[in-house]
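Everything below belongs to my_file23.txt, which stores compact mmCIF, C-alpha atoms.
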```
# COMPACT_ATOMS: atom_id res chain seq x y z
CA CYS A 9 41.07 137.97 83.51
CA GLU A 10 44.78 137.50 83.81
CA CYS A 11 44.37 133.76 84.41
CA GLY A 12 43.05 133.39 80.86
CA LEU A 13 39.42 132.76 81.73
CA TRP A 14 36.68 134.90 80.24
CA PRO A 15 33.76 136.39 82.20
CA GLY A 16 31.20 135.31 79.62
CA ALA A 17 29.20 136.83 76.80
CA GLY A 18 28.38 140.47 77.44
CA ALA A 19 30.05 140.55 80.86
CA THR A 20 32.62 143.20 81.62
CA THR A 21 33.56 142.25 85.17
CA TRP A 22 34.13 139.07 87.14
CA SER A 23 31.78 137.83 89.81
CA LYS A 24 32.78 138.01 93.47
CA ALA A 25 33.00 134.21 93.50
CA HIS A 26 35.61 134.22 90.72
CA ARG A 27 37.64 137.03 92.27
CA ALA A 28 37.67 135.15 95.59
CA LYS A 29 38.91 131.89 94.01
CA CYS A 30 41.27 133.12 91.33
CA SER A 31 44.89 133.96 92.02
CA CYS A 32 44.75 136.72 89.41
CA GLY A 33 42.29 138.70 91.54
CA GLY A 34 39.74 138.75 88.72
CA ALA A 35 41.44 141.61 86.90
CA LEU A 36 40.16 141.84 83.36
CA ALA A 37 42.74 141.66 80.64
CA SER A 38 42.78 144.27 77.88
CA GLN A 39 40.91 141.88 75.59
CA VAL A 40 37.36 142.94 76.49
CA TRP A 41 35.19 142.84 73.35
CA GLY A 42 35.48 146.02 71.32
CA MET A 43 37.84 147.75 73.72
CA ALA A 44 41.09 146.82 72.04
CA ALA A 45 41.97 146.91 68.35
CA THR A 46 44.37 144.00 68.71
CA SER A 47 45.48 141.59 71.38
CA ARG A 48 48.06 138.88 71.88
CA ALA A 49 47.41 135.17 71.97
CA SER A 50 46.72 133.96 75.50
CA ARG A 51 46.74 130.64 77.31
CA VAL A 52 43.27 129.48 78.20
CA ALA A 53 44.22 126.17 79.80
CA PHE A 54 47.05 123.70 80.20
CA PHE A 55 46.34 120.27 81.57
CA ILE A 56 47.73 116.78 81.92
CA PHE A 57 45.50 113.74 82.18
CA ASP A 58 45.76 109.97 82.24
CA PRO A 59 42.56 108.16 81.23
CA THR A 60 43.74 104.97 82.95
CA LEU A 61 43.83 106.49 86.45
CA VAL A 62 40.96 105.50 88.74
CA PRO A 63 39.96 106.65 92.22
CA ASP A 64 40.85 104.54 95.26
CA SER A 65 37.31 104.42 96.65
CA GLN A 66 35.30 101.24 96.20
CA HIS A 67 32.20 102.78 94.57
CA PRO A 68 33.37 106.10 93.07
CA SER A 69 30.91 108.61 91.68
CA GLU A 70 31.11 109.78 88.08
CA GLU A 71 32.73 113.02 89.26
CA GLU A 72 35.36 111.12 91.28
CA GLN A 73 36.18 108.98 88.25
CA ALA A 74 36.58 112.08 86.07
CA ASP A 75 38.65 113.89 88.73
CA ALA A 76 41.00 110.91 89.13
CA LYS A 77 42.07 111.25 85.48
CA ILE A 78 43.23 114.86 85.92
CA VAL A 79 46.90 114.93 86.90
CA TYR A 80 47.29 118.72 86.58
CA TYR A 81 45.07 121.58 85.44
CA SER A 82 45.82 125.26 85.05
CA PRO A 83 44.33 127.69 85.81
CA SER A 84 43.59 126.06 89.13
CA CYS A 85 40.74 128.51 89.75
CA SER A 86 38.64 126.89 87.00
CA LEU A 87 35.44 125.26 88.14
CA ALA A 88 35.68 121.50 88.69
CA GLU A 89 32.91 120.89 86.15
CA GLU A 90 34.80 122.91 83.52
CA LYS A 91 37.95 120.85 84.16
CA ARG A 92 36.02 117.58 83.87
CA SER A 93 34.27 118.77 80.74
CA GLN A 94 37.44 119.83 78.91
CA VAL A 95 39.37 116.70 79.89
CA GLY A 96 36.43 114.48 78.93
CA LEU A 97 36.00 116.21 75.58
CA LEU A 98 39.68 115.86 74.67
CA GLU A 99 39.78 112.26 75.94
CA GLY A 100 36.82 111.43 73.69
CA LEU A 101 38.30 113.20 70.67
CA ILE A 102 41.63 111.44 71.15
CA SER A 103 39.94 108.03 71.39
CA PHE A 104 37.74 108.74 68.37
CA THR A 105 40.53 110.01 66.14
CA ALA A 106 42.80 107.11 67.16
CA MET A 107 40.33 104.73 65.51
CA PHE A 108 40.66 106.51 62.15
CA GLY A 109 44.15 108.01 62.36
CA GLY A 110 46.03 105.01 60.99
CA ASP A 111 49.75 105.74 60.81
CA ARG A 112 49.16 109.39 61.71
CA GLY A 113 47.89 108.41 65.15
CA PRO A 114 45.30 110.21 67.28
CA LEU A 115 44.44 113.88 67.52
CA ARG A 116 47.40 116.29 67.67
CA SER A 117 45.67 119.64 67.16
CA LEU A 118 42.20 121.13 67.05
CA ARG A 119 41.15 124.61 65.99
CA THR A 120 38.01 126.63 66.53
CA LYS A 121 37.27 130.24 65.69
CA GLN A 122 38.58 131.40 69.07
CA LEU A 123 40.87 128.59 70.27
CA ALA A 124 43.74 126.38 69.21
CA PHE A 125 44.33 123.12 71.09
CA SER A 126 47.55 121.16 70.92
CA VAL A 127 47.73 117.60 72.24
CA LEU A 128 50.80 115.50 73.06
CA GLU A 129 51.00 111.97 74.39
CA ALA A 130 54.05 112.65 76.55
CA GLU A 131 54.12 109.10 77.96
CA PRO A 132 51.91 106.10 77.29
CA HIS A 133 48.39 107.05 78.48
CA THR A 134 49.60 110.46 79.71
CA TRP A 135 48.36 113.38 77.63
CA MET A 136 49.34 117.04 77.78
CA VAL A 137 46.94 119.63 76.33
CA LEU A 138 47.55 123.30 75.68
CA ALA A 139 44.56 125.52 74.82
CA MET A 140 45.38 128.96 73.43
CA ARG A 141 43.03 131.83 72.53
CA HIS A 142 43.75 133.28 69.09
CA PRO A 143 44.71 136.97 69.08
CA LEU A 144 41.85 139.40 68.64
CA VAL A 145 42.27 141.64 65.60
CA GLY A 146 40.24 144.62 64.45
CA GLY A 147 36.77 144.45 65.87
CA ASP A 148 34.93 147.74 66.15
CA ARG A 149 32.88 148.46 69.23
CA GLY A 150 29.69 146.41 69.07
CA ALA A 151 30.86 144.33 66.10
CA GLU A 152 31.52 140.62 66.30
CA PRO A 153 35.15 140.03 67.33
CA GLN A 154 37.57 138.80 64.67
CA TYR A 155 40.38 136.39 65.50
CA ASP A 156 43.70 135.80 63.78
CA GLU A 157 43.26 132.05 63.40
CA GLU A 158 46.57 131.57 61.58
CA SER A 159 48.93 133.16 64.10
CA LEU A 160 49.36 130.07 66.29
CA GLY A 161 51.16 127.36 64.34
CA ASP A 162 50.46 123.73 65.20
CA SER A 163 54.17 122.88 65.11
CA THR A 164 54.95 125.77 67.48
CA LEU A 165 52.34 124.64 70.00
CA GLN A 166 53.60 121.04 69.76
CA ALA A 167 57.13 122.30 70.41
CA VAL A 168 55.90 124.17 73.50
CA LEU A 169 54.33 120.97 74.85
CA ARG A 170 57.44 118.90 74.12
CA ASN A 171 59.55 121.51 75.88
CA CYS A 172 57.22 121.53 78.92
CA TYR A 173 57.53 117.77 79.16
CA ALA A 174 61.32 117.85 78.75
CA VAL A 175 61.67 120.40 81.57
CA PHE A 176 59.30 118.43 83.83
CA ARG A 177 61.17 115.20 83.16
CA LEU A 178 64.51 116.87 83.81
CA LEU A 179 63.34 118.17 87.20
CA HIS A 180 60.98 115.40 88.37
CA GLY A 181 61.36 112.29 86.20
CA GLU A 182 58.48 110.64 84.39
CA ILE A 183 54.98 111.99 85.03
CA GLN A 184 53.55 108.57 85.91
CA SER A 185 56.31 107.90 88.46
CA PHE A 186 55.83 111.36 89.93
CA VAL A 187 52.07 110.79 90.28
CA LYS A 188 52.61 107.42 92.01
CA GLU A 189 55.09 108.97 94.47
CA HIS A 190 52.85 111.95 95.32
CA SER A 191 49.40 110.39 95.48
```

Serialized structure, structure tokens:
Amino acid sequence: CECGLWPGAGATTWSKAHRAKCSCGGALASQVWGMAATSRASRVAFFIFDPTLVPDSQHPSEEEQADAKIVYYSPSCSLAEEKRSQVGLLEGLISFTAMFGGDRGPLRSLRTKQLAFSVLEAEPHTWMVLAMRHPLVGGDRGAEPQYDEESLGDSTLQAVLRNCYAVFRLLHGEIQSFVKEHS
């Protein structure tokens, strides 16, 4: 749909539940498997998290602990479990790669067949993540979709994240200060 989410394998329309929750109205983009010869790269998710944030409650549940770490997540219509899962996965990968990164530091980018992730530690303990879907190329009807995995440069995605942070900081100040003021 226009929000960047995908209806799932083999699906061609969104469920009523998604259309009711999503600001895009559940309209399918032109990237349905086999229906378009090419497509543009699209944003799947953008989120900011701080692994040091904890909930205020005395005995928080696992879900409350995971939710407390999420400062911002887009698209907002994503299921809570999907948000927790993506943030938890990236948090784990960042921690793991930090142990072996040496001078290079923790994870900065991650690529799969369909997605490119870019990660920026904007402030100490405050991470920004941009997940982009690679453009769809070729792909005959019924054939497995092919993605242009080289079209999204790591340095370009890092620059986008740095620019997002610079604009936020210009308008609102530091993320951590902003969170303290508005929580």

Is there a way to get, as a compact mmCIF listing (two decimals) with C-alpha atoms, keeping the file's coordinate frame, all residues within 12 Å of the point (42.2, 123.2, 71.9) in file coordinates, counting all atoms listed in the file?
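And here's result_34.txt as it stands now:
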```txt
# COMPACT_ATOMS: atom_id res chain seq x y z
CA ARG A 51 46.74 130.64 77.31
CA VAL A 52 43.27 129.48 78.20
CA ALA A 53 44.22 126.17 79.80
CA PHE A 54 47.05 123.70 80.20
CA PHE A 55 46.34 120.27 81.57
CA GLN A 94 37.44 119.83 78.91
CA VAL A 95 39.37 116.70 79.89
CA LEU A 97 36.00 116.21 75.58
CA LEU A 98 39.68 115.86 74.67
CA GLU A 99 39.78 112.26 75.94
CA LEU A 101 38.30 113.20 70.67
CA ILE A 102 41.63 111.44 71.15
CA LEU A 115 44.44 113.88 67.52
CA ARG A 116 47.40 116.29 67.67
CA SER A 117 45.67 119.64 67.16
CA LEU A 118 42.20 121.13 67.05
CA ARG A 119 41.15 124.61 65.99
CA THR A 120 38.01 126.63 66.53
CA LYS A 121 37.27 130.24 65.69
CA GLN A 122 38.58 131.40 69.07
CA LEU A 123 40.87 128.59 70.27
CA ALA A 124 43.74 126.38 69.21
CA PHE A 125 44.33 123.12 71.09
CA SER A 126 47.55 121.16 70.92
CA VAL A 127 47.73 117.60 72.24
CA LEU A 128 50.80 115.50 73.06
CA MET A 136 49.34 117.04 77.78
CA VAL A 137 46.94 119.63 76.33
CA LEU A 138 47.55 123.30 75.68
CA ALA A 139 44.56 125.52 74.82
CA MET A 140 45.38 128.96 73.43
CA ARG A 141 43.03 131.83 72.53
CA HIS A 142 43.75 133.28 69.09
CA LEU A 160 49.36 130.07 66.29
CA ASP A 162 50.46 123.73 65.20
CA LEU A 165 52.34 124.64 70.00
CA GLN A 166 53.60 121.04 69.76
```

Test item: residues at most 7 Å from Asp156 (chain A), all atoms listed in the file, excluding those fewer than 5 positions along its chain, as an mmCIF file with C-alpha atoms, in the frame of the given file:
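And here is the file that came out, selection.cif:
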```cif
data_model
loop_
_atom_site.group_PDB
_atom_site.id
_atom_site.type_symbol
_atom_site.label_atom_id
_atom_site.label_comp_id
_atom_site.auth_asym_id
_atom_site.auth_seq_id
_atom_site.Cartn_x
_atom_site.Cartn_y
_atom_site.Cartn_z
ATOM 1 C CA HIS A 142 43.750 133.280 69.090
ATOM 2 C CA PRO A 143 44.710 136.970 69.080
ATOM 3 C CA LEU A 144 41.850 139.400 68.640
ATOM 4 C CA VAL A 145 42.270 141.640 65.600
#
```

At what distance in Å, to one decimal, does CA of Gly96 (chain A) lie from CA of Glu71 (chain A)?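 Rounded to one decimal, the two atoms are 11.1 Å apart.
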
For CA of Pro132 (chain A) and CA of Ser93 (chain A), the interatomic separation in Å (one decimal): 22.0 Å

Give me, please, the distance in Å between CA of Phe104 (chain A) and CA of Ala76 (chain A), quoted to one decimal. 21.1 Å

What does region 141-191 of chain A look like written to a file with N, CA and C atoms, as a PDB file, in the first residue's frame?
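Contents of part_9.pdb, freshly written:
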```pdb
ATOM      1  N   ARG A 141      12.805  -0.660   0.513  1.00  0.00           N
ATOM      2  CA  ARG A 141      12.606  -1.798  -0.386  1.00  0.00           C
ATOM      3  C   ARG A 141      13.332  -1.492  -1.685  1.00  0.00           C
ATOM      4  N   HIS A 142      14.146  -2.448  -2.144  1.00  0.00           N
ATOM      5  CA  HIS A 142      14.840  -2.285  -3.420  1.00  0.00           C
ATOM      6  C   HIS A 142      13.807  -2.183  -4.542  1.00  0.00           C
ATOM      7  N   PRO A 143      14.141  -1.466  -5.608  1.00  0.00           N
ATOM      8  CA  PRO A 143      13.226  -1.399  -6.754  1.00  0.00           C
ATOM      9  C   PRO A 143      13.037  -2.776  -7.390  1.00  0.00           C
ATOM     10  N   LEU A 144      11.848  -3.029  -7.843  1.00  0.00           N
ATOM     11  CA  LEU A 144      11.518  -4.260  -8.544  1.00  0.00           C
ATOM     12  C   LEU A 144      11.863  -4.058 -10.017  1.00  0.00           C
ATOM     13  N   VAL A 145      12.590  -4.991 -10.601  1.00  0.00           N
ATOM     14  CA  VAL A 145      12.943  -4.896 -12.012  1.00  0.00           C
ATOM     15  C   VAL A 145      12.515  -6.173 -12.720  1.00  0.00           C
ATOM     16  N   GLY A 146      12.164  -6.033 -13.974  1.00  0.00           N
ATOM     17  CA  GLY A 146      11.767  -7.206 -14.761  1.00  0.00           C
ATOM     18  C   GLY A 146      10.619  -7.922 -14.098  1.00  0.00           C
ATOM     19  N   GLY A 147      10.742  -9.211 -13.995  1.00  0.00           N
ATOM     20  CA  GLY A 147       9.715  -9.995 -13.320  1.00  0.00           C
ATOM     21  C   GLY A 147       8.485 -10.206 -14.171  1.00  0.00           C
ATOM     22  N   ASP A 148       8.456 -11.321 -14.892  1.00  0.00           N
ATOM     23  CA  ASP A 148       7.273 -11.659 -15.672  1.00  0.00           C
ATOM     24  C   ASP A 148       6.183 -12.152 -14.739  1.00  0.00           C
ATOM     25  N   ARG A 149       4.965 -12.100 -15.230  1.00  0.00           N
ATOM     26  CA  ARG A 149       3.827 -12.555 -14.443  1.00  0.00           C
ATOM     27  C   ARG A 149       4.054 -14.004 -14.024  1.00  0.00           C
ATOM     28  N   GLY A 150       3.931 -14.263 -12.718  1.00  0.00           N
ATOM     29  CA  GLY A 150       4.102 -15.612 -12.202  1.00  0.00           C
ATOM     30  C   GLY A 150       5.540 -15.975 -11.865  1.00  0.00           C
ATOM     31  N   ALA A 151       6.506 -15.199 -12.346  1.00  0.00           N
ATOM     32  CA  ALA A 151       7.914 -15.490 -12.056  1.00  0.00           C
ATOM     33  C   ALA A 151       8.300 -14.858 -10.719  1.00  0.00           C
ATOM     34  N   GLU A 152       9.360 -15.374 -10.149  1.00  0.00           N
ATOM     35  CA  GLU A 152       9.841 -14.785  -8.898  1.00  0.00           C
ATOM     36  C   GLU A 152      10.320 -13.363  -9.162  1.00  0.00           C
ATOM     37  N   PRO A 153       9.943 -12.405  -8.312  1.00  0.00           N
ATOM     38  CA  PRO A 153      10.344 -11.013  -8.537  1.00  0.00           C
ATOM     39  C   PRO A 153      11.860 -10.841  -8.422  1.00  0.00           C
ATOM     40  N   GLN A 154      12.394  -9.930  -9.209  1.00  0.00           N
ATOM     41  CA  GLN A 154      13.823  -9.617  -9.194  1.00  0.00           C
ATOM     42  C   GLN A 154      13.985  -8.183  -8.682  1.00  0.00           C
ATOM     43  N   TYR A 155      14.969  -7.992  -7.817  1.00  0.00           N
ATOM     44  CA  TYR A 155      15.195  -6.680  -7.224  1.00  0.00           C
ATOM     45  C   TYR A 155      16.533  -6.124  -7.652  1.00  0.00           C
ATOM     46  N   ASP A 156      16.580  -4.810  -7.841  1.00  0.00           N
ATOM     47  CA  ASP A 156      17.827  -4.120  -8.137  1.00  0.00           C
ATOM     48  C   ASP A 156      18.507  -3.811  -6.811  1.00  0.00           C
ATOM     49  N   GLU A 157      19.335  -4.736  -6.349  1.00  0.00           N
ATOM     50  CA  GLU A 157      19.939  -4.645  -5.027  1.00  0.00           C
ATOM     51  C   GLU A 157      21.058  -3.615  -4.946  1.00  0.00           C
ATOM     52  N   GLU A 158      21.488  -3.086  -6.070  1.00  0.00           N
ATOM     53  CA  GLU A 158      22.604  -2.132  -6.078  1.00  0.00           C
ATOM     54  C   GLU A 158      22.156  -0.684  -6.206  1.00  0.00           C
ATOM     55  N   SER A 159      20.862  -0.436  -6.361  1.00  0.00           N
ATOM     56  CA  SER A 159      20.413   0.926  -6.642  1.00  0.00           C
ATOM     57  C   SER A 159      20.430   1.837  -5.420  1.00  0.00           C
ATOM     58  N   LEU A 160      20.371   1.269  -4.226  1.00  0.00           N
ATOM     59  CA  LEU A 160      20.359   2.079  -3.004  1.00  0.00           C
ATOM     60  C   LEU A 160      21.743   2.027  -2.356  1.00  0.00           C
ATOM     61  N   GLY A 161      22.491   3.099  -2.500  1.00  0.00           N
ATOM     62  CA  GLY A 161      23.845   3.141  -1.950  1.00  0.00           C
ATOM     63  C   GLY A 161      23.835   3.347  -0.446  1.00  0.00           C
ATOM     64  N   ASP A 162      24.715   2.646   0.252  1.00  0.00           N
ATOM     65  CA  ASP A 162      24.812   2.790   1.705  1.00  0.00           C
ATOM     66  C   ASP A 162      25.116   4.228   2.108  1.00  0.00           C
ATOM     67  N   SER A 163      26.019   4.872   1.394  1.00  0.00           N
ATOM     68  CA  SER A 163      26.385   6.254   1.738  1.00  0.00           C
ATOM     69  C   SER A 163      25.207   7.204   1.519  1.00  0.00           C
ATOM     70  N   THR A 164      24.388   6.935   0.521  1.00  0.00           N
ATOM     71  CA  THR A 164      23.203   7.768   0.268  1.00  0.00           C
ATOM     72  C   THR A 164      22.200   7.623   1.401  1.00  0.00           C
ATOM     73  N   LEU A 165      21.948   6.386   1.829  1.00  0.00           N
ATOM     74  CA  LEU A 165      20.996   6.166   2.911  1.00  0.00           C
ATOM     75  C   LEU A 165      21.513   6.755   4.227  1.00  0.00           C
ATOM     76  N   GLN A 166      22.821   6.661   4.467  1.00  0.00           N
ATOM     77  CA  GLN A 166      23.404   7.285   5.657  1.00  0.00           C
ATOM     78  C   GLN A 166      23.227   8.803   5.611  1.00  0.00           C
ATOM     79  N   ALA A 167      23.409   9.382   4.434  1.00  0.00           N
ATOM     80  CA  ALA A 167      23.234  10.828   4.275  1.00  0.00           C
ATOM     81  C   ALA A 167      21.786  11.237   4.543  1.00  0.00           C
ATOM     82  N   VAL A 168      20.843  10.415   4.116  1.00  0.00           N
ATOM     83  CA  VAL A 168      19.424  10.696   4.378  1.00  0.00           C
ATOM     84  C   VAL A 168      19.175  10.712   5.888  1.00  0.00           C
ATOM     85  N   LEU A 169      19.711   9.726   6.596  1.00  0.00           N
ATOM     86  CA  LEU A 169      19.527   9.683   8.048  1.00  0.00           C
ATOM     87  C   LEU A 169      20.194  10.877   8.735  1.00  0.00           C
ATOM     88  N   ARG A 170      21.399  11.218   8.321  1.00  0.00           N
ATOM     89  CA  ARG A 170      22.071  12.376   8.926  1.00  0.00           C
ATOM     90  C   ARG A 170      21.281  13.656   8.673  1.00  0.00           C
ATOM     91  N   ASN A 171      20.711  13.775   7.481  1.00  0.00           N
ATOM     92  CA  ASN A 171      19.907  14.942   7.157  1.00  0.00           C
ATOM     93  C   ASN A 171      18.627  14.977   7.999  1.00  0.00           C
ATOM     94  N   CYS A 172      17.978  13.834   8.172  1.00  0.00           N
ATOM     95  CA  CYS A 172      16.775  13.767   9.019  1.00  0.00           C
ATOM     96  C   CYS A 172      17.096  14.232  10.432  1.00  0.00           C
ATOM     97  N   TYR A 173      18.213  13.761  10.956  1.00  0.00           N
ATOM     98  CA  TYR A 173      18.599  14.160  12.314  1.00  0.00           C
ATOM     99  C   TYR A 173      18.911  15.655  12.379  1.00  0.00           C
ATOM    100  N   ALA A 174      19.612  16.167  11.380  1.00  0.00           N
ATOM    101  CA  ALA A 174      19.970  17.590  11.370  1.00  0.00           C
ATOM    102  C   ALA A 174      18.718  18.461  11.352  1.00  0.00           C
ATOM    103  N   VAL A 175      17.725  18.084  10.557  1.00  0.00           N
ATOM    104  CA  VAL A 175      16.477  18.858  10.493  1.00  0.00           C
ATOM    105  C   VAL A 175      15.729  18.765  11.830  1.00  0.00           C
ATOM    106  N   PHE A 176      15.652  17.551  12.392  1.00  0.00           N
ATOM    107  CA  PHE A 176      14.988  17.392  13.685  1.00  0.00           C
ATOM    108  C   PHE A 176      15.666  18.258  14.740  1.00  0.00           C
ATOM    109  N   ARG A 177      16.987  18.187  14.789  1.00  0.00           N
ATOM    110  CA  ARG A 177      17.725  18.941  15.801  1.00  0.00           C
ATOM    111  C   ARG A 177      17.558  20.440  15.614  1.00  0.00           C
ATOM    112  N   LEU A 178      17.505  20.889  14.375  1.00  0.00           N
ATOM    113  CA  LEU A 178      17.288  22.305  14.096  1.00  0.00           C
ATOM    114  C   LEU A 178      15.929  22.761  14.628  1.00  0.00           C
ATOM    115  N   LEU A 179      14.914  21.938  14.442  1.00  0.00           N
ATOM    116  CA  LEU A 179      13.549  22.320  14.824  1.00  0.00           C
ATOM    117  C   LEU A 179      13.213  22.033  16.285  1.00  0.00           C
ATOM    118  N   HIS A 180      13.787  20.955  16.857  1.00  0.00           N
ATOM    119  CA  HIS A 180      13.353  20.505  18.179  1.00  0.00           C
ATOM    120  C   HIS A 180      14.468  20.342  19.200  1.00  0.00           C
ATOM    121  N   GLY A 181      15.722  20.430  18.811  1.00  0.00           N
ATOM    122  CA  GLY A 181      16.820  20.159  19.730  1.00  0.00           C
ATOM    123  C   GLY A 181      17.175  18.676  19.714  1.00  0.00           C
ATOM    124  N   GLU A 182      17.893  18.243  20.724  1.00  0.00           N
ATOM    125  CA  GLU A 182      18.312  16.847  20.780  1.00  0.00           C
ATOM    126  C   GLU A 182      17.114  15.925  21.005  1.00  0.00           C
ATOM    127  N   ILE A 183      17.189  14.729  20.446  1.00  0.00           N
ATOM    128  CA  ILE A 183      16.097  13.762  20.554  1.00  0.00           C
ATOM    129  C   ILE A 183      15.845  13.409  22.016  1.00  0.00           C
ATOM    130  N   GLN A 184      16.908  13.122  22.768  1.00  0.00           N
ATOM    131  CA  GLN A 184      16.741  12.718  24.164  1.00  0.00           C
ATOM    132  C   GLN A 184      16.083  13.811  24.992  1.00  0.00           C
ATOM    133  N   SER A 185      16.444  15.061  24.769  1.00  0.00           N
ATOM    134  CA  SER A 185      15.810  16.185  25.480  1.00  0.00           C
ATOM    135  C   SER A 185      14.343  16.297  25.086  1.00  0.00           C
ATOM    136  N   PHE A 186      14.070  16.134  23.810  1.00  0.00           N
ATOM    137  CA  PHE A 186      12.707  16.204  23.309  1.00  0.00           C
ATOM    138  C   PHE A 186      11.838  15.114  23.934  1.00  0.00           C
ATOM    139  N   VAL A 187      12.386  13.902  24.036  1.00  0.00           N
ATOM    140  CA  VAL A 187      11.642  12.779  24.631  1.00  0.00           C
ATOM    141  C   VAL A 187      11.354  13.068  26.099  1.00  0.00           C
ATOM    142  N   LYS A 188      12.330  13.589  26.842  1.00  0.00           N
ATOM    143  CA  LYS A 188      12.128  13.892  28.261  1.00  0.00           C
ATOM    144  C   LYS A 188      11.053  14.952  28.452  1.00  0.00           C
ATOM    145  N   GLU A 189      11.037  15.952  27.578  1.00  0.00           N
ATOM    146  CA  GLU A 189      10.049  17.041  27.679  1.00  0.00           C
ATOM    147  C   GLU A 189       8.639  16.560  27.365  1.00  0.00           C
ATOM    148  N   HIS A 190       8.519  15.604  26.433  1.00  0.00           N
ATOM    149  CA  HIS A 190       7.194  15.195  25.937  1.00  0.00           C
ATOM    150  C   HIS A 190       6.740  13.823  26.428  1.00  0.00           C
ATOM    151  N   SER A 191       7.360  13.316  27.463  1.00  0.00           N
ATOM    152  CA  SER A 191       6.884  12.011  27.962  1.00  0.00           C
ATOM    153  C   SER A 191       6.297  12.128  29.354  1.00  0.00           C
TER     154      SER A 191
END
```
